[in-house]
file protein.pdb (PDB, C-alpha atoms, pLDDT in the B column)
ATOM      1  CA  MET A 350      77.831 102.871  88.981  1.00 67.00           C
ATOM      2  CA  SER A 351      80.664 101.559  91.162  1.00 92.00           C
ATOM      3  CA  LEU A 352      82.348 103.835  93.649  1.00 96.00           C
ATOM      4  CA  LEU A 353      86.073 104.411  93.259  1.00 97.00           C
ATOM      5  CA  VAL A 354      88.160 105.604  96.210  1.00 98.00           C
ATOM      6  CA  ARG A 355      91.534 106.969  95.139  1.00 98.00           C
ATOM      7  CA  PRO A 356      94.202 109.479  96.116  1.00 98.00           C
ATOM      8  CA  SER A 357      93.095 113.033  95.431  1.00 98.00           C
ATOM      9  CA  ARG A 358      94.498 115.008  92.508  1.00 98.00           C
ATOM     10  CA  ASP A 359      94.933 118.717  91.917  1.00 98.00           C
ATOM     11  CA  SER A 360      92.053 118.544  89.447  1.00 98.00           C
ATOM     12  CA  ASP A 361      89.725 117.462  92.297  1.00 98.00           C
ATOM     13  CA  LEU A 362      90.158 120.749  94.168  1.00 98.00           C
ATOM     14  CA  PRO A 363      87.136 122.585  92.715  1.00 98.00           C
ATOM     15  CA  ARG A 364      84.807 119.777  93.877  1.00 98.00           C
ATOM     16  CA  ILE A 365      86.600 119.403  97.221  1.00 98.00           C
ATOM     17  CA  ALA A 366      86.265 123.139  97.838  1.00 98.00           C
ATOM     18  CA  ALA A 367      82.584 123.110  96.830  1.00 98.00           C
ATOM     19  CA  ILE A 368      81.758 120.149  99.089  1.00 98.00           C
ATOM     20  CA  TYR A 369      83.557 121.762 102.003  1.00 98.00           C
ATOM     21  CA  ALA A 370      81.968 125.171 101.373  1.00 98.00           C
ATOM     22  CA  HIS A 371      78.511 123.589 101.638  1.00 98.00           C
ATOM     23  CA  ALA A 372      79.498 121.829 104.882  1.00 97.00           C
ATOM     24  CA  VAL A 373      80.795 125.083 106.363  1.00 98.00           C
ATOM     25  CA  ARG A 374      77.737 127.121 105.351  1.00 98.00           C
ATOM     26  CA  HIS A 375      75.059 124.584 106.265  1.00 97.00           C
ATOM     27  CA  GLY A 376      76.525 121.945 108.558  1.00 95.00           C
ATOM     28  CA  THR A 377      78.199 121.440 111.888  1.00 95.00           C
ATOM     29  CA  ALA A 378      80.996 119.029 110.936  1.00 94.00           C
ATOM     30  CA  SER A 379      83.342 121.988 110.623  1.00 95.00           C
ATOM     31  CA  PHE A 380      83.495 124.824 113.097  1.00 96.00           C
ATOM     32  CA  GLU A 381      84.722 127.233 110.419  1.00 97.00           C
ATOM     33  CA  LEU A 382      82.218 130.023 109.813  1.00 97.00           C
ATOM     34  CA  ASP A 383      83.365 131.131 106.352  1.00 97.00           C
ATOM     35  CA  PRO A 384      84.430 128.643 103.695  1.00 98.00           C
ATOM     36  CA  PRO A 385      88.008 128.994 102.501  1.00 98.00           C
ATOM     37  CA  ASP A 386      88.590 129.600  98.811  1.00 97.00           C
ATOM     38  CA  GLU A 387      90.015 127.010  96.454  1.00 97.00           C
ATOM     39  CA  ALA A 388      93.571 128.375  96.814  1.00 98.00           C
ATOM     40  CA  GLU A 389      93.434 127.913 100.594  1.00 98.00           C
ATOM     41  CA  MET A 390      92.028 124.409 100.191  1.00 98.00           C
ATOM     42  CA  ALA A 391      94.917 123.630  97.821  1.00 98.00           C
ATOM     43  CA  ARG A 392      97.410 124.969 100.367  1.00 98.00           C
ATOM     44  CA  ARG A 393      95.896 122.834 103.136  1.00 98.00           C
ATOM     45  CA  ARG A 394      95.902 119.716 100.968  1.00 98.00           C
ATOM     46  CA  ALA A 395      99.514 120.262  99.898  1.00 98.00           C
ATOM     47  CA  ALA A 396     100.617 120.671 103.526  1.00 98.00           C
ATOM     48  CA  LEU A 397      99.004 117.348 104.448  1.00 98.00           C
ATOM     49  CA  LEU A 398     100.459 115.510 101.470  1.00 98.00           C
ATOM     50  CA  ASP A 399     103.902 117.014 102.145  1.00 97.00           C
ATOM     51  CA  GLY A 400     103.586 115.749 105.726  1.00 96.00           C
ATOM     52  CA  GLY A 401     102.994 112.174 104.542  1.00 96.00           C
ATOM     53  CA  PHE A 402      99.264 112.062 105.274  1.00 98.00           C
ATOM     54  CA  PRO A 403      96.642 110.456 102.993  1.00 98.00           C
ATOM     55  CA  TYR A 404      94.068 112.609 101.177  1.00 98.00           C
ATOM     56  CA  LEU A 405      91.423 110.568  99.314  1.00 98.00           C
ATOM     57  CA  VAL A 406      88.383 111.174  97.144  1.00 98.00           C
ATOM     58  CA  ALA A 407      85.420 108.982  96.261  1.00 98.00           C
ATOM     59  CA  GLU A 408      84.093 109.259  92.745  1.00 98.00           C
ATOM     60  CA  ARG A 409      81.345 107.675  90.719  1.00 96.00           C
ATOM     61  CA  ASP A 410      81.190 108.067  86.941  1.00 94.00           C
ATOM     62  CA  GLY A 411      83.966 110.664  87.116  1.00 94.00           C
ATOM     63  CA  ALA A 412      82.175 112.864  89.668  1.00 97.00           C
ATOM     64  CA  VAL A 413      83.776 113.447  93.077  1.00 98.00           C
ATOM     65  CA  LEU A 414      81.133 112.684  95.731  1.00 98.00           C
ATOM     66  CA  GLY A 415      83.258 113.156  98.832  1.00 98.00           C
ATOM     67  CA  TYR A 416      86.713 113.301 100.283  1.00 98.00           C
ATOM     68  CA  ALA A 417      88.584 112.279 103.393  1.00 98.00           C
ATOM     69  CA  TYR A 418      91.986 112.925 104.823  1.00 98.00           C
ATOM     70  CA  ALA A 419      94.041 112.283 107.909  1.00 98.00           C
ATOM     71  CA  GLY A 420      96.077 114.998 109.505  1.00 98.00           C
ATOM     72  CA  PRO A 421      98.104 115.457 112.628  1.00 97.00           C
ATOM     73  CA  TYR A 422      96.069 115.283 115.817  1.00 96.00           C
ATOM     74  CA  ARG A 423      98.473 117.694 117.504  1.00 95.00           C
ATOM     75  CA  VAL A 424     101.822 119.142 116.431  1.00 92.00           C
ATOM     76  CA  ARG A 425     103.939 118.084 119.425  1.00 95.00           C
ATOM     77  CA  PRO A 426     106.379 115.260 118.514  1.00 94.00           C
ATOM     78  CA  ALA A 427     104.934 112.767 121.002  1.00 95.00           C
ATOM     79  CA  TYR A 428     101.701 112.777 118.941  1.00 96.00           C
ATOM     80  CA  ARG A 429     103.509 111.782 115.708  1.00 95.00           C
ATOM     81  CA  SER A 430     101.737 108.410 115.507  1.00 97.00           C
ATOM     82  CA  THR A 431      98.232 109.815 116.064  1.00 98.00           C
ATOM     83  CA  VAL A 432      96.039 111.180 113.274  1.00 98.00           C
ATOM     84  CA  GLU A 433      92.676 112.909 113.151  1.00 98.00           C
ATOM     85  CA  ASP A 434      90.272 111.988 110.372  1.00 98.00           C
ATOM     86  CA  SER A 435      88.083 114.355 108.359  1.00 98.00           C
ATOM     87  CA  ILE A 436      85.341 113.247 105.980  1.00 98.00           C
ATOM     88  CA  TYR A 437      83.027 115.418 103.878  1.00 98.00           C
ATOM     89  CA  ILE A 438      80.333 114.104 101.537  1.00 98.00           C
ATOM     90  CA  ASP A 439      78.306 115.953  98.920  1.00 98.00           C
ATOM     91  CA  PRO A 440      74.758 116.279 100.341  1.00 96.00           C
ATOM     92  CA  ALA A 441      73.307 114.493  97.297  1.00 96.00           C
ATOM     93  CA  ALA A 442      75.530 111.458  98.011  1.00 96.00           C
ATOM     94  CA  GLN A 443      74.960 111.176 101.754  1.00 94.00           C
ATOM     95  CA  GLY A 444      73.448 107.925 102.994  1.00 93.00           C
ATOM     96  CA  GLN A 445      74.847 105.945 100.042  1.00 94.00           C
ATOM     97  CA  GLY A 446      77.866 104.389 101.761  1.00 96.00           C
ATOM     98  CA  VAL A 447      80.362 106.944 100.441  1.00 98.00           C
ATOM     99  CA  GLY A 448      81.522 107.945 103.925  1.00 97.00           C
ATOM    100  CA  ARG A 449      82.000 104.306 104.936  1.00 98.00           C
ATOM    101  CA  ARG A 450      84.106 103.535 101.875  1.00 98.00           C
ATOM    102  CA  LEU A 451      86.224 106.641 102.413  1.00 98.00           C
ATOM    103  CA  LEU A 452      86.777 105.952 106.119  1.00 98.00           C
ATOM    104  CA  GLU A 453      87.639 102.289 105.473  1.00 98.00           C
ATOM    105  CA  ALA A 454      90.206 103.342 102.872  1.00 98.00           C
ATOM    106  CA  LEU A 455      91.562 106.089 105.110  1.00 98.00           C
ATOM    107  CA  ILE A 456      92.061 103.635 107.971  1.00 98.00           C
ATOM    108  CA  GLY A 457      93.909 101.294 105.612  1.00 98.00           C
ATOM    109  CA  GLU A 458      96.139 104.095 104.309  1.00 98.00           C
ATOM    110  CA  CYS A 459      96.988 105.220 107.839  1.00 98.00           C
ATOM    111  CA  GLU A 460      97.818 101.676 108.925  1.00 97.00           C
ATOM    112  CA  ALA A 461     100.065 101.274 105.874  1.00 97.00           C
ATOM    113  CA  ARG A 462     101.912 104.428 106.958  1.00 96.00           C
ATOM    114  CA  ASP A 463     102.281 102.993 110.480  1.00 95.00           C
ATOM    115  CA  PHE A 464     100.113 105.482 112.301  1.00 97.00           C
ATOM    116  CA  ARG A 465      98.880 103.905 115.540  1.00 98.00           C
ATOM    117  CA  LEU A 466      95.751 105.784 116.592  1.00 98.00           C
ATOM    118  CA  MET A 467      93.001 107.618 114.738  1.00 98.00           C
ATOM    119  CA  VAL A 468      90.965 110.264 116.525  1.00 98.00           C
ATOM    120  CA  ALA A 469      87.574 111.506 115.367  1.00 98.00           C
ATOM    121  CA  VAL A 470      86.440 114.933 116.543  1.00 97.00           C
ATOM    122  CA  ILE A 471      82.786 114.984 115.489  1.00 97.00           C
ATOM    123  CA  GLY A 472      81.375 118.487 115.468  1.00 92.00           C
ATOM    124  CA  ASP A 473      77.935 118.012 116.980  1.00 90.00           C
ATOM    125  CA  GLU A 474      76.305 115.522 119.332  1.00 91.00           C
ATOM    126  CA  GLU A 475      73.407 115.420 116.876  1.00 90.00           C
ATOM    127  CA  SER A 476      75.653 114.022 114.094  1.00 93.00           C
ATOM    128  CA  HIS A 477      74.263 110.527 114.637  1.00 94.00           C
ATOM    129  CA  GLY A 478      75.282 109.350 111.162  1.00 94.00           C
ATOM    130  CA  SER A 479      78.939 110.244 111.690  1.00 96.00           C
ATOM    131  CA  ILE A 480      78.980 108.882 115.227  1.00 97.00           C
ATOM    132  CA  GLY A 481      77.379 105.637 114.046  1.00 97.00           C
ATOM    133  CA  LEU A 482      79.739 105.301 111.098  1.00 97.00           C
ATOM    134  CA  HIS A 483      82.787 105.702 113.293  1.00 98.00           C
ATOM    135  CA  ALA A 484      81.418 103.263 115.896  1.00 98.00           C
ATOM    136  CA  SER A 485      80.697 100.668 113.200  1.00 98.00           C
ATOM    137  CA  LEU A 486      84.343 100.816 112.124  1.00 98.00           C
ATOM    138  CA  GLY A 487      85.788 100.253 115.576  1.00 98.00           C
ATOM    139  CA  PHE A 488      85.930 103.742 117.070  1.00 98.00           C
ATOM    140  CA  ALA A 489      85.144 103.953 120.772  1.00 98.00           C
ATOM    141  CA  PRO A 490      83.685 107.020 122.491  1.00 98.00           C
ATOM    142  CA  VAL A 491      86.172 108.965 124.570  1.00 97.00           C
ATOM    143  CA  GLY A 492      84.121 111.930 125.698  1.00 97.00           C
ATOM    144  CA  VAL A 493      82.179 115.028 124.770  1.00 97.00           C
ATOM    145  CA  PHE A 494      83.211 118.657 124.949  1.00 97.00           C
ATOM    146  CA  LYS A 495      79.901 120.303 125.843  1.00 97.00           C
ATOM    147  CA  GLY A 496      79.128 123.660 124.216  1.00 96.00           C
ATOM    148  CA  ILE A 497      82.639 124.086 122.849  1.00 96.00           C
ATOM    149  CA  GLY A 498      81.646 126.076 119.750  1.00 96.00           C
ATOM    150  CA  TYR A 499      78.924 128.455 118.635  1.00 97.00           C
ATOM    151  CA  LYS A 500      77.600 128.225 115.075  1.00 97.00           C
ATOM    152  CA  HIS A 501      74.259 128.629 113.319  1.00 96.00           C
ATOM    153  CA  GLY A 502      72.811 130.344 116.383  1.00 96.00           C
ATOM    154  CA  ARG A 503      73.469 127.551 118.843  1.00 95.00           C
ATOM    155  CA  TRP A 504      76.130 126.049 121.067  1.00 96.00           C
ATOM    156  CA  LEU A 505      77.657 122.879 119.646  1.00 96.00           C
ATOM    157  CA  SER A 506      79.375 120.030 121.415  1.00 96.00           C
ATOM    158  CA  SER A 507      82.199 117.913 119.976  1.00 97.00           C
ATOM    159  CA  VAL A 508      82.147 114.150 120.310  1.00 97.00           C
ATOM    160  CA  LEU A 509      85.566 112.509 120.655  1.00 98.00           C
ATOM    161  CA  MET A 510      86.153 108.945 119.485  1.00 98.00           C
ATOM    162  CA  GLN A 511      89.290 106.910 118.887  1.00 98.00           C
ATOM    163  CA  ARG A 512      90.403 103.746 117.127  1.00 98.00           C
ATOM    164  CA  PRO A 513      93.700 101.873 117.315  1.00 98.00           C
ATOM    165  CA  LEU A 514      95.545 101.355 114.037  1.00 98.00           C
ATOM    166  CA  GLY A 515      97.748  98.357 113.252  1.00 95.00           C
ATOM    167  CA  PRO A 516      99.519  97.204 116.422  1.00 95.00           C
ATOM    168  CA  GLY A 517      98.251 100.266 118.274  1.00 95.00           C
ATOM    169  CA  THR A 518     100.121 100.859 121.500  1.00 92.00           C
ATOM    170  CA  ALA A 519     101.410  97.255 121.795  1.00 94.00           C
ATOM    171  CA  GLN A 520     104.705  98.392 120.252  1.00 91.00           C
ATOM    172  CA  PRO A 521     106.733 101.616 120.313  1.00 91.00           C
ATOM    173  CA  PRO A 522     106.162 104.009 117.409  1.00 90.00           C
ATOM    174  CA  THR A 523     108.285 103.699 114.294  1.00 90.00           C
ATOM    175  CA  ARG A 524     107.499 107.121 112.868  1.00 89.00           C
ATOM    176  CA  PRO A 525     110.516 109.385 113.233  1.00 88.00           C
ATOM    177  CA  VAL A 526     110.432 112.593 115.253  1.00 88.00           C
ATOM    178  CA  ALA A 527     110.298 115.457 112.789  1.00 76.00           C
TER     179      ALA A 527
END
call {"tool": "encode", "arguments": {"input": "protein.pdb", "output": "structure tokens"}}
result
Amino acid sequence: MSLLVRPSRDSDLPRIAAIYAHAVRHGTASFELDPPDEAEMARRRAALLDGGFPYLVAERDGAVLGYAYAGPYRVRPAYRSTVEDSIYIDPAAQGQGVGRRLLEALIGECEARDFRLMVAVIGDEESHGSIGLHASLGFAPVGVFKGIGYKHGRWLSSVLMQRPLGPGTAQPPTRPVA
């Protein structure tokens, strides 16, 4: 019953899309209102992989329980060393350490690729589990955008956190300007 964290594969897309669809329909981690179809999820994943970003899944006994990826925080070249993390866990696997294992692996992958800062944009002040997970892995609070989105009949705030990666800002970036 051990948990395996590995790079995602094309064959994982049905589970990735299903996990994300549930999060969109029932949760506040994503501010999307309608879940994208599997083809759109494949397009998004391919764009991240083509950009040199990690896209991971966690599986147990061959079943994908969650996924995580890093993507560009912003598209301007000066942000090239900063990534934003995203983590989604199947509701049946929440609270079992899957998110922690994915985020730990994602941090390691981003450090190996010489990214210098990871930003978490947590879609709800009431997401205590996500906020606590990020804090336990070295993320510091930066601020809160109050009432920045409206979903499920209420205004939602976004919690911003950040964590240095590798040497952080002690050295100039090595990632080339695209």
call {"tool": "residues_around", "arguments": {"input": "protein.pdb", "residues": "Tyr437 of chain A", "least_positions_apart": "2", "cutoff": "9 Å", "atoms": "all atoms listed in the file", "output": "short mmCIF file (atom, residue, chain, number, x, y, z; two decimals) with C-alpha atoms, in the coordinates of the input"}}
result
data_model
loop_
_atom_site.label_atom_id
_atom_site.label_comp_id
_atom_site.auth_asym_id
_atom_site.auth_seq_id
_atom_site.Cartn_x
_atom_site.Cartn_y
_atom_site.Cartn_z
CA ILE A 365 86.60 119.40 97.22
CA ILE A 368 81.76 120.15 99.09
CA TYR A 369 83.56 121.76 102.00
CA ALA A 372 79.50 121.83 104.88
CA ALA A 378 81.00 119.03 110.94
CA LEU A 414 81.13 112.68 95.73
CA GLY A 415 83.26 113.16 98.83
CA TYR A 416 86.71 113.30 100.28
CA ALA A 417 88.58 112.28 103.39
CA SER A 435 88.08 114.36 108.36
CA ASP A 439 78.31 115.95 98.92
CA GLY A 448 81.52 107.94 103.92
#
call {"tool": "closest_residue", "arguments": {"input": "protein.pdb", "among": "A:Leu362, A:Ile456, A:Leu466, A:Ala519", "to": "Pro403 of chain A", "atoms": "all atoms listed in the file"}}
result
A:Ile456
call {"tool": "resolve_selection", "arguments": {"input": "protein.pdb", "expression": "the PyMOL selection byres ((chain A and resi 432) around 12)", "output": "PyMOL selection string"}}
result
chain A and resi 397+400-403+418-424+427-431+433-435+455-456+458-460+462-470+510-514
call {"tool": "residues_around", "arguments": {"input": "protein.pdb", "residues": "Ala454 of chain A", "least_positions_apart": "5", "cutoff": "9 Å", "atoms": "only C-alpha atoms", "output": "mmCIF file with C-alpha atoms, in the frame of the given file"}}
result
data_model
loop_
_atom_site.group_PDB
_atom_site.id
_atom_site.type_symbol
_atom_site.label_atom_id
_atom_site.label_comp_id
_atom_site.auth_asym_id
_atom_site.auth_seq_id
_atom_site.Cartn_x
_atom_site.Cartn_y
_atom_site.Cartn_z
ATOM 1 C CA VAL A 354 88.160 105.604 96.210
ATOM 2 C CA ARG A 355 91.534 106.969 95.139
ATOM 3 C CA LEU A 405 91.423 110.568 99.314
ATOM 4 C CA ARG A 449 82.000 104.306 104.936
ATOM 5 C CA CYS A 459 96.988 105.220 107.839
#
call {"tool": "atom_distance", "arguments": {"input": "protein.pdb", "atom1": "atom CA of Met390 of chain A", "atom2": "atom CA of Ala407 of chain A"}}
result
17.2 Å
call {"tool": "resolve_selection", "arguments": {"input": "protein.pdb", "expression": "the PyMOL selection byres ((chain A and resi 493-497) around 10)", "output": "list of chain:residue names"}}
result
A:Phe380, A:Val470, A:Ile471, A:Gly472, A:Asp473, A:Glu474, A:Pro490, A:Val491, A:Gly492, A:Gly498, A:Tyr499, A:Arg503, A:Trp504, A:Leu505, A:Ser506, A:Ser507, A:Val508, A:Leu509, A:Met510
call {"tool": "closest_residue", "arguments": {"input": "protein.pdb", "among": "A:Ile436, A:Leu482, A:Leu452, A:Val406", "to": "Ser379 of chain A", "atoms": "only C-alpha atoms"}}
result
A:Ile436
call {"tool": "closest_residue", "arguments": {"input": "protein.pdb", "among": "A:Pro363, A:Leu353, A:Ile438, A:Gly457", "to": "Gly411 of chain A", "atoms": "only C-alpha atoms"}}
result
A:Leu353
call {"tool": "residues_around", "arguments": {"input": "protein.pdb", "residues": "His501 of chain A", "least_positions_apart": "3", "cutoff": "9 Å", "atoms": "all atoms listed in the file", "output": "short mmCIF file (atom, residue, chain, number, x, y, z; two decimals) with C-alpha atoms, keeping the file's coordinate frame"}}
result
data_model
loop_
_atom_site.label_atom_id
_atom_site.label_comp_id
_atom_site.auth_asym_id
_atom_site.auth_seq_id
_atom_site.Cartn_x
_atom_site.Cartn_y
_atom_site.Cartn_z
CA ARG A 374 77.74 127.12 105.35
CA HIS A 375 75.06 124.58 106.26
CA GLY A 376 76.53 121.94 108.56
CA THR A 377 78.20 121.44 111.89
CA LEU A 382 82.22 130.02 109.81
CA TRP A 504 76.13 126.05 121.07
#
call {"tool": "closest_residue", "arguments": {"input": "protein.pdb", "among": "A:Ser360, A:Ala388, A:Glu475, A:Val526", "to": "Arg425 of chain A", "atoms": "all atoms listed in the file"}}
result
A:Val526
call {"tool": "axis_aligned_box", "arguments": {"input": "protein.pdb", "around": "segment 462-479 of chain A", "padding_each_side": "6 Å", "output": "lines of an AutoDock Vina configuration file"}}
result
center_x = 87.8
center_y = 110.7
center_z = 113.1
size_x = 40.9
size_y = 27.5
size_z = 24.4
call {"tool": "decode", "arguments": {"input": "protein.pdb", "residues": "segment 364-381 of chain A", "atoms": "N, CA and C atoms", "output": "PDB file, in the first residue's frame"}}
result
ATOM      1  N   ARG A 364      -7.920  10.221 -15.093  1.00  0.00           N
ATOM      2  CA  ARG A 364      -8.015  10.402 -13.638  1.00  0.00           C
ATOM      3  C   ARG A 364      -7.719  11.848 -13.240  1.00  0.00           C
ATOM      4  N   ILE A 365      -6.723  12.459 -13.882  1.00  0.00           N
ATOM      5  CA  ILE A 365      -6.403  13.857 -13.605  1.00  0.00           C
ATOM      6  C   ILE A 365      -7.624  14.725 -13.884  1.00  0.00           C
ATOM      7  N   ALA A 366      -8.240  14.510 -15.035  1.00  0.00           N
ATOM      8  CA  ALA A 366      -9.419  15.301 -15.411  1.00  0.00           C
ATOM      9  C   ALA A 366     -10.571  15.071 -14.435  1.00  0.00           C
ATOM     10  N   ALA A 367     -10.758  13.835 -13.996  1.00  0.00           N
ATOM     11  CA  ALA A 367     -11.846  13.527 -13.059  1.00  0.00           C
ATOM     12  C   ALA A 367     -11.596  14.182 -11.691  1.00  0.00           C
ATOM     13  N   ILE A 368     -10.366  14.117 -11.214  1.00  0.00           N
ATOM     14  CA  ILE A 368     -10.034  14.729  -9.923  1.00  0.00           C
ATOM     15  C   ILE A 368     -10.246  16.235 -10.003  1.00  0.00           C
ATOM     16  N   TYR A 369      -9.792  16.840 -11.087  1.00  0.00           N
ATOM     17  CA  TYR A 369      -9.943  18.279 -11.236  1.00  0.00           C
ATOM     18  C   TYR A 369     -11.411  18.670 -11.402  1.00  0.00           C
ATOM     19  N   ALA A 370     -12.165  17.886 -12.158  1.00  0.00           N
ATOM     20  CA  ALA A 370     -13.590  18.188 -12.349  1.00  0.00           C
ATOM     21  C   ALA A 370     -14.315  18.225 -11.007  1.00  0.00           C
ATOM     22  N   HIS A 371     -14.011  17.286 -10.123  1.00  0.00           N
ATOM     23  CA  HIS A 371     -14.632  17.272  -8.800  1.00  0.00           C
ATOM     24  C   HIS A 371     -14.244  18.533  -8.026  1.00  0.00           C
ATOM     25  N   ALA A 372     -12.962  18.908  -8.092  1.00  0.00           N
ATOM     26  CA  ALA A 372     -12.501  20.107  -7.378  1.00  0.00           C
ATOM     27  C   ALA A 372     -13.187  21.358  -7.905  1.00  0.00           C
ATOM     28  N   VAL A 373     -13.382  21.437  -9.209  1.00  0.00           N
ATOM     29  CA  VAL A 373     -14.049  22.606  -9.791  1.00  0.00           C
ATOM     30  C   VAL A 373     -15.508  22.656  -9.365  1.00  0.00           C
ATOM     31  N   ARG A 374     -16.197  21.525  -9.446  1.00  0.00           N
ATOM     32  CA  ARG A 374     -17.632  21.485  -9.139  1.00  0.00           C
ATOM     33  C   ARG A 374     -17.945  21.688  -7.657  1.00  0.00           C
ATOM     34  N   HIS A 375     -17.073  21.166  -6.787  1.00  0.00           N
ATOM     35  CA  HIS A 375     -17.413  21.115  -5.363  1.00  0.00           C
ATOM     36  C   HIS A 375     -16.480  21.888  -4.436  1.00  0.00           C
ATOM     37  N   GLY A 376     -15.335  22.321  -4.942  1.00  0.00           N
ATOM     38  CA  GLY A 376     -14.351  22.939  -4.073  1.00  0.00           C
ATOM     39  C   GLY A 376     -14.068  24.389  -4.401  1.00  0.00           C
ATOM     40  N   THR A 377     -13.111  24.928  -3.680  1.00  0.00           N
ATOM     41  CA  THR A 377     -12.718  26.322  -3.879  1.00  0.00           C
ATOM     42  C   THR A 377     -11.232  26.460  -4.188  1.00  0.00           C
ATOM     43  N   ALA A 378     -10.538  25.364  -4.417  1.00  0.00           N
ATOM     44  CA  ALA A 378      -9.116  25.442  -4.767  1.00  0.00           C
ATOM     45  C   ALA A 378      -8.935  26.064  -6.137  1.00  0.00           C
ATOM     46  N   SER A 379      -9.869  25.820  -7.024  1.00  0.00           N
ATOM     47  CA  SER A 379      -9.842  26.410  -8.358  1.00  0.00           C
ATOM     48  C   SER A 379     -10.982  27.408  -8.477  1.00  0.00           C
ATOM     49  N   PHE A 380     -10.720  28.503  -9.143  1.00  0.00           N
ATOM     50  CA  PHE A 380     -11.770  29.487  -9.361  1.00  0.00           C
ATOM     51  C   PHE A 380     -12.460  29.277 -10.706  1.00  0.00           C
ATOM     52  N   GLU A 381     -12.159  28.174 -11.391  1.00  0.00           N
ATOM     53  CA  GLU A 381     -12.922  27.839 -12.592  1.00  0.00           C
ATOM     54  C   GLU A 381     -14.326  27.449 -12.147  1.00  0.00           C
TER      55      GLU A 381
END
